[in-house]
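**Student:** Following this message is one structure expressed as structure tokens.
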Amino acid sequence: MILFRFIDKVSPPKYAYAHCDVPCGIYDPRSAQIAAETVVKMVEKMETLPDKPSIADRNLFIRATLTKEEHARKCKEELLILWTDFFKIEHLEMFPKLHETFWKAAKLCSKNKQEVNMEAAQSLKKAVDEIAQMFAKAKAAK
Amino acid sequence: MIFKFPISRFIIRDRSMEPYFHEGDHVLTFNWKKPTVGDVIVFRHDGLYLVKRIKKVSAGKYYVEGDNRALSSKGMWMNKGEVTGKVILKY
């Protein structure tokens, strides 16, 4: 240990950030995209269950419902972080409909919690992909 | 093939890995073994070295989170290729 500390004095180590919620410039829309894709998958599973479900089918339905709920919530959470922490006032010039896009996507997260609706699930995925594209353009412009 | 040094030294910044790692801790990573779920890793992302714990592995990516859930509310997916090494020692 003493040896490593001596080496650190001669050749200082790099910093490894534990990354708390202090804005340190690290964002990624991929988590929101994965959450939205999961919502689509769960709706797919729920819509293909038979009319007379077995115990196993009902178990699957319940689990899919819980997973849909969790990932719609997570999607909203990730979108909120991007909206409030990553995008700045100057991005409004690049994306005049930025607030509306995020607001609609957040509304779709709620709708997908409330309903089993493939159209709503696909709309959420599309909205999140649109936000990911805005994110990529904003990053490229930095 | 780029040579990867077997060990690396880092100093922890921020508090999102408490209680196991605190601000100012010196850590050593071992870089030659593939990490797995539960391991604390240092990885490079957007020009910074980050330290997090692996929670899930899927399709060539790791999902990582901070241990201090009160301070680190969000995790992230990162590529396996971004891993520097697994934290093996605090000194």
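Note on naming: chains are A, B, ... as they come in the structure tokens, residues start from 1 per chain, ligands start from 1 in the order shown.
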Could you produce a table of the residues of chain B lying within 7 Å of chain A, with the nearest pair of atoms per residue and their separation in Å rounded to one decimal, using only C-alpha atoms, ordered by chain and increasing residue number, as a tab-separated table?
**Tutor:**
residue	atom	partner	partner_atom	distance
B:Arg9	CA	A:Pro13	CA	5.3
B:Phe10	CA	A:Pro13	CA	4.9
B:Ile11	CA	A:Tyr15	CA	4.8
B:Ile12	CA	A:Ala16	CA	5.1
B:Arg13	CA	A:Tyr17	CA	4.8
B:Asp14	CA	A:Ala18	CA	5.3
B:Arg15	CA	A:Ala18	CA	6.3
B:Ser16	CA	A:Cys20	CA	5.0
B:Met17	CA	A:Ala18	CA	5.8
B:Val42	CA	A:Ala16	CA	6.8
B:Tyr49	CA	A:Ala16	CA	4.7
B:Leu50	CA	A:Tyr17	CA	4.5
B:Val51	CA	A:Ala18	CA	5.0
B:Lys52	CA	A:Ala18	CA	6.3
B:Gly66	CA	A:Ala18	CA	6.8
B:Leu71	CA	A:Cys20	CA	5.5
B:Ser72	CA	A:Cys20	CA	4.9
B:Met76	CA	A:Ser31	CA	6.2
B:Trp77	CA	A:Ser31	CA	6.6
B:Tyr91	CA	A:Met1	CA	5.5
**Student:** Since we have the selection now, will you write its residues out, keeping N, CA and C atoms, as a PDB file, in the first residue's frame?
**Tutor:**
ATOM      1  N   ARG B   9      -4.104   3.020 -11.643  1.00  0.00           N
ATOM      2  CA  ARG B   9      -4.395   3.672 -10.353  1.00  0.00           C
ATOM      3  C   ARG B   9      -5.323   4.849 -10.573  1.00  0.00           C
ATOM      4  N   PHE B  10      -6.284   5.020  -9.665  1.00  0.00           N
ATOM      5  CA  PHE B  10      -7.229   6.140  -9.767  1.00  0.00           C
ATOM      6  C   PHE B  10      -7.512   6.703  -8.382  1.00  0.00           C
ATOM      7  N   ILE B  11      -7.940   7.948  -8.370  1.00  0.00           N
ATOM      8  CA  ILE B  11      -8.457   8.573  -7.147  1.00  0.00           C
ATOM      9  C   ILE B  11      -9.948   8.806  -7.367  1.00  0.00           C
ATOM     10  N   ILE B  12     -10.754   8.408  -6.382  1.00  0.00           N
ATOM     11  CA  ILE B  12     -12.210   8.536  -6.508  1.00  0.00           C
ATOM     12  C   ILE B  12     -12.637   9.983  -6.268  1.00  0.00           C
ATOM     13  N   ARG B  13     -13.490  10.473  -7.158  1.00  0.00           N
ATOM     14  CA  ARG B  13     -14.122  11.770  -6.967  1.00  0.00           C
ATOM     15  C   ARG B  13     -15.616  11.546  -6.828  1.00  0.00           C
ATOM     16  N   ASP B  14     -16.298  12.417  -6.103  1.00  0.00           N
ATOM     17  CA  ASP B  14     -17.748  12.371  -5.879  1.00  0.00           C
ATOM     18  C   ASP B  14     -18.121  11.258  -4.893  1.00  0.00           C
ATOM     19  N   ARG B  15     -19.411  11.206  -4.552  1.00  0.00           N
ATOM     20  CA  ARG B  15     -19.833  10.354  -3.447  1.00  0.00           C
ATOM     21  C   ARG B  15     -20.803   9.252  -3.841  1.00  0.00           C
ATOM     22  N   SER B  16     -20.959   9.047  -5.139  1.00  0.00           N
ATOM     23  CA  SER B  16     -22.020   8.132  -5.559  1.00  0.00           C
ATOM     24  C   SER B  16     -21.674   6.659  -5.412  1.00  0.00           C
ATOM     25  N   MET B  17     -20.473   6.354  -4.952  1.00  0.00           N
ATOM     26  CA  MET B  17     -20.128   4.953  -4.710  1.00  0.00           C
ATOM     27  C   MET B  17     -19.979   4.656  -3.217  1.00  0.00           C
ATOM     28  N   VAL B  42     -13.871   0.678 -13.489  1.00  0.00           N
ATOM     29  CA  VAL B  42     -13.577   2.018 -14.009  1.00  0.00           C
ATOM     30  C   VAL B  42     -13.691   1.921 -15.523  1.00  0.00           C
ATOM     31  N   TYR B  49     -13.046   9.305 -16.920  1.00  0.00           N
ATOM     32  CA  TYR B  49     -13.057   7.992 -16.268  1.00  0.00           C
ATOM     33  C   TYR B  49     -14.175   8.006 -15.229  1.00  0.00           C
ATOM     34  N   LEU B  50     -15.019   7.007 -15.295  1.00  0.00           N
ATOM     35  CA  LEU B  50     -16.115   6.879 -14.332  1.00  0.00           C
ATOM     36  C   LEU B  50     -15.951   5.579 -13.551  1.00  0.00           C
ATOM     37  N   VAL B  51     -16.480   5.550 -12.313  1.00  0.00           N
ATOM     38  CA  VAL B  51     -16.430   4.327 -11.505  1.00  0.00           C
ATOM     39  C   VAL B  51     -17.851   3.983 -11.075  1.00  0.00           C
ATOM     40  N   LYS B  52     -18.287   2.763 -11.387  1.00  0.00           N
ATOM     41  CA  LYS B  52     -19.646   2.331 -11.103  1.00  0.00           C
ATOM     42  C   LYS B  52     -19.650   0.817 -10.887  1.00  0.00           C
ATOM     43  N   GLY B  66     -24.431   3.724  -9.554  1.00  0.00           N
ATOM     44  CA  GLY B  66     -23.691   4.051  -8.338  1.00  0.00           C
ATOM     45  C   GLY B  66     -24.316   3.317  -7.163  1.00  0.00           C
ATOM     46  N   LEU B  71     -27.781   9.521  -3.913  1.00  0.00           N
ATOM     47  CA  LEU B  71     -27.081  10.557  -4.686  1.00  0.00           C
ATOM     48  C   LEU B  71     -26.986  10.221  -6.160  1.00  0.00           C
ATOM     49  N   SER B  72     -27.150   8.965  -6.477  1.00  0.00           N
ATOM     50  CA  SER B  72     -26.959   8.542  -7.870  1.00  0.00           C
ATOM     51  C   SER B  72     -28.235   7.883  -8.355  1.00  0.00           C
ATOM     52  N   MET B  76     -26.671   3.698 -16.265  1.00  0.00           N
ATOM     53  CA  MET B  76     -26.487   3.885 -17.696  1.00  0.00           C
ATOM     54  C   MET B  76     -25.945   2.615 -18.342  1.00  0.00           C
ATOM     55  N   TRP B  77     -26.216   2.473 -19.619  1.00  0.00           N
ATOM     56  CA  TRP B  77     -25.648   1.387 -20.397  1.00  0.00           C
ATOM     57  C   TRP B  77     -24.329   1.870 -20.998  1.00  0.00           C
ATOM     58  N   TYR B  91      -6.389   1.607  -1.415  1.00  0.00           N
ATOM     59  CA  TYR B  91      -5.157   1.732  -0.628  1.00  0.00           C
ATOM     60  C   TYR B  91      -4.931   3.144  -0.105  1.00  0.00           C
TER      61      TYR B  91
END
**Student:** Would you list the contacts of Glu119 (chain A) as an MDAnalysis selection string, taking every protein, DNA or RNA residue within 12 Å and counting only C-alpha atoms, but skipping same-chain residues closer than 2 positions in sequence?
**Tutor:** chainID A and resid 39:40 43:44 47 108 111:112 115:117 121:126
**Student:** Given the choices A:Glu100, A:Glu90, A:Glu70, A:Asp85, which gets closest to Ala35 (chain A) if the distance is worked out from only C-alpha atoms?
**Tutor:**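 When distances to Ala35 (chain A) are compared using only C-alpha atoms, the smallest one comes from A:Glu70.
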**Student:** Nearest to Trp32 (chain B): which of B:Gly60, B:Gly85, B:Gly47, B:Pro19 is it, counting only C-alpha atoms?
**Tutor:** B:Gly85
**Student:** Counting only C-alpha atoms, what is within 7 Å of Glu65 (chain B), bar same-chain residues fewer than 5 positions away, as a PyMOL selection string?
**Tutor:** chain B and resi 52-55+74-76
**Student:** Could you give me the residues within chain A that DSSP places in alpha helix (DSSP H), as number ranges by chain?
**Tutor:** A: 2-10, 30-47, 55-81, 91-94, 98-114, 118-140
**Student:** So that I have them on file, write out the residues from the current selection with C-alpha atoms, as a short mmCIF file (atom, residue, chain, number, x, y, z; two decimals), in the first residue's frame.
**Tutor:**
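As written to disk, part-v6.cif reads:
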data_model
loop_
_atom_site.label_atom_id
_atom_site.label_comp_id
_atom_site.auth_asym_id
_atom_site.auth_seq_id
_atom_site.Cartn_x
_atom_site.Cartn_y
_atom_site.Cartn_z
CA ILE A 2 2.81 2.38 1.00
CA LEU A 3 4.53 1.53 -2.27
CA PHE A 4 1.44 2.48 -4.30
CA ARG A 5 1.08 5.73 -2.35
CA PHE A 6 4.73 6.53 -3.05
CA ILE A 7 4.16 5.81 -6.76
CA ASP A 8 1.10 8.12 -6.63
CA LYS A 9 3.32 10.96 -5.35
CA VAL A 10 5.76 10.45 -8.20
CA ARG A 30 -29.98 5.11 -24.79
CA SER A 31 -31.48 4.27 -21.37
CA ALA A 32 -34.74 5.99 -22.34
CA GLN A 33 -34.72 4.20 -25.71
CA ILE A 34 -34.23 0.79 -24.11
CA ALA A 35 -37.06 1.52 -21.66
CA ALA A 36 -39.40 2.52 -24.52
CA GLU A 37 -38.44 -0.60 -26.51
CA THR A 38 -39.23 -2.71 -23.44
CA VAL A 39 -42.70 -1.13 -23.21
CA VAL A 40 -43.35 -2.11 -26.85
CA LYS A 41 -42.17 -5.68 -26.17
CA MET A 42 -44.39 -6.02 -23.11
CA VAL A 43 -47.47 -4.78 -24.99
CA GLU A 44 -46.61 -7.29 -27.74
CA LYS A 45 -46.57 -10.11 -25.18
CA MET A 46 -49.76 -8.95 -23.50
CA GLU A 47 -51.68 -8.67 -26.78
CA ILE A 55 -52.42 -19.96 -14.95
CA ALA A 56 -49.08 -19.63 -16.72
CA ASP A 57 -50.56 -17.10 -19.17
CA ARG A 58 -52.01 -15.05 -16.34
CA ASN A 59 -48.67 -15.13 -14.55
CA LEU A 60 -46.98 -13.87 -17.72
CA PHE A 61 -49.59 -11.13 -18.13
CA ILE A 62 -49.03 -9.89 -14.58
CA ARG A 63 -45.27 -9.91 -14.98
CA ALA A 64 -45.52 -8.10 -18.33
CA THR A 65 -47.80 -5.49 -16.73
CA LEU A 66 -45.32 -4.89 -13.93
CA THR A 67 -42.42 -4.66 -16.36
CA LYS A 68 -44.34 -2.26 -18.63
CA GLU A 69 -45.16 -0.08 -15.62
CA GLU A 70 -41.54 -0.05 -14.42
CA HIS A 71 -40.05 0.78 -17.80
CA ALA A 72 -42.63 3.45 -18.66
CA ARG A 73 -41.74 5.06 -15.31
CA LYS A 74 -38.02 4.69 -16.00
CA CYS A 75 -38.45 6.16 -19.49
CA LYS A 76 -40.15 9.22 -18.00
CA GLU A 77 -37.39 9.57 -15.43
CA GLU A 78 -34.64 9.40 -18.07
CA LEU A 79 -36.46 11.89 -20.30
CA LEU A 80 -36.82 14.29 -17.38
CA ILE A 81 -33.06 14.18 -16.75
CA HIS A 91 -30.99 24.52 -27.77
CA LEU A 92 -34.42 26.10 -28.17
CA GLU A 93 -33.09 27.89 -31.22
CA MET A 94 -31.94 24.58 -32.74
CA LEU A 98 -38.10 20.92 -27.82
CA HIS A 99 -40.42 21.48 -24.84
CA GLU A 100 -43.48 20.23 -26.74
CA THR A 101 -41.58 17.09 -27.85
CA PHE A 102 -40.56 16.26 -24.29
CA TRP A 103 -44.01 17.06 -22.88
CA LYS A 104 -45.71 14.78 -25.40
CA ALA A 105 -43.19 11.99 -24.75
CA ALA A 106 -43.77 12.27 -20.98
CA LYS A 107 -47.54 12.12 -21.57
CA LEU A 108 -47.03 8.97 -23.66
CA CYS A 109 -45.10 7.39 -20.76
CA SER A 110 -48.19 7.88 -18.57
CA LYS A 111 -50.55 6.65 -21.29
CA ASN A 112 -48.52 3.46 -21.64
CA LYS A 113 -48.75 2.83 -17.91
CA GLN A 114 -52.53 3.27 -18.04
CA MET A 118 -49.57 -0.91 -29.24
CA GLU A 119 -50.19 2.40 -31.00
CA ALA A 120 -49.32 4.29 -27.83
CA ALA A 121 -46.25 2.09 -27.27
CA GLN A 122 -44.98 2.67 -30.80
CA SER A 123 -45.68 6.41 -30.47
CA LEU A 124 -43.59 6.47 -27.30
CA LYS A 125 -40.71 4.69 -29.04
CA LYS A 126 -40.91 7.11 -31.95
CA ALA A 127 -40.97 10.13 -29.60
CA VAL A 128 -37.94 8.88 -27.67
CA ASP A 129 -36.03 8.16 -30.90
CA GLU A 130 -36.81 11.74 -32.01
CA ILE A 131 -35.38 13.03 -28.71
CA ALA A 132 -32.29 10.85 -29.19
CA GLN A 133 -31.77 12.45 -32.61
CA MET A 134 -32.07 15.93 -31.08
CA PHE A 135 -29.56 14.88 -28.43
CA ALA A 136 -27.09 13.66 -31.07
CA LYS A 137 -27.42 16.91 -33.05
CA ALA A 138 -27.01 19.02 -29.91
CA LYS A 139 -23.89 17.08 -28.90
CA ALA A 140 -22.41 17.35 -32.38
#
**Student:** Need the shell around Lys86 (chain B): protein/DNA/RNA residues with any atom at most 7 Å away, counting only C-alpha atoms. Skip same-chain ones fewer than 3 positions apart. Format as a list in words?
**Tutor:**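 After dropping sequence-adjacent residues, the list is Thr29, Phe30, Asn31, Pro35, Asp39, Val40, Ile41 and Val42 of chain B.
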**Student:** Identify, with DSSP run on backbone atoms, the residues in chain A assigned to strand (DSSP E or B), and express the list as a list in words.
**Tutor:** Lys14, Tyr15, Ala16 and Tyr17 of chain A
**Student:** Please write the residues from the selection above to a file, keeping N, CA and C atoms, as a JSON list (two decimals), in the first residue's frame.
**Tutor:**
[["chain", "number", "residue", "atom", "x", "y", "z"],
["A", 14, "LYS", "N", -5.06, 9.21, -12.22],
["A", 14, "LYS", "CA", -6.16, 9.96, -12.81],
["A", 14, "LYS", "C", -7.35, 9.91, -11.86],
["A", 15, "TYR", "N", -8.30, 10.81, -12.07],
["A", 15, "TYR", "CA", -9.53, 10.78, -11.28],
["A", 15, "TYR", "C", -10.56, 9.87, -11.95],
["A", 16, "ALA", "N", -11.26, 9.09, -11.12],
["A", 16, "ALA", "CA", -12.40, 8.29, -11.60],
["A", 16, "ALA", "C", -13.63, 8.84, -10.89],
["A", 17, "TYR", "N", -14.56, 9.35, -11.68],
["A", 17, "TYR", "CA", -15.72, 10.03, -11.12],
["A", 17, "TYR", "C", -16.82, 9.02, -10.80]]
**Student:** Would you work out the distance separating CA of Asp67 (chain B) from CA of His22 (chain B), expressed in Å to one decimal?
**Tutor:**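 So the two atoms, CA of Asp67 (chain B) and CA of His22 (chain B), lie 11.1 Å apart.
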**Student:** What separation in Å, quoted to one decimal, exists between CA of Glu82 (chain B) and CA of Arg69 (chain B)?
**Tutor:**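 According to the coordinates, CA of Glu82 (chain B) and CA of Arg69 (chain B) are separated by 23.3 Å.
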**Student:** State, in Å with one decimal place, the distance from CA of Tyr62 (chain B) to CA of Arg44 (chain B).
**Tutor:**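 CA of Tyr62 (chain B) sits 12.8 Å away from CA of Arg44 (chain B).
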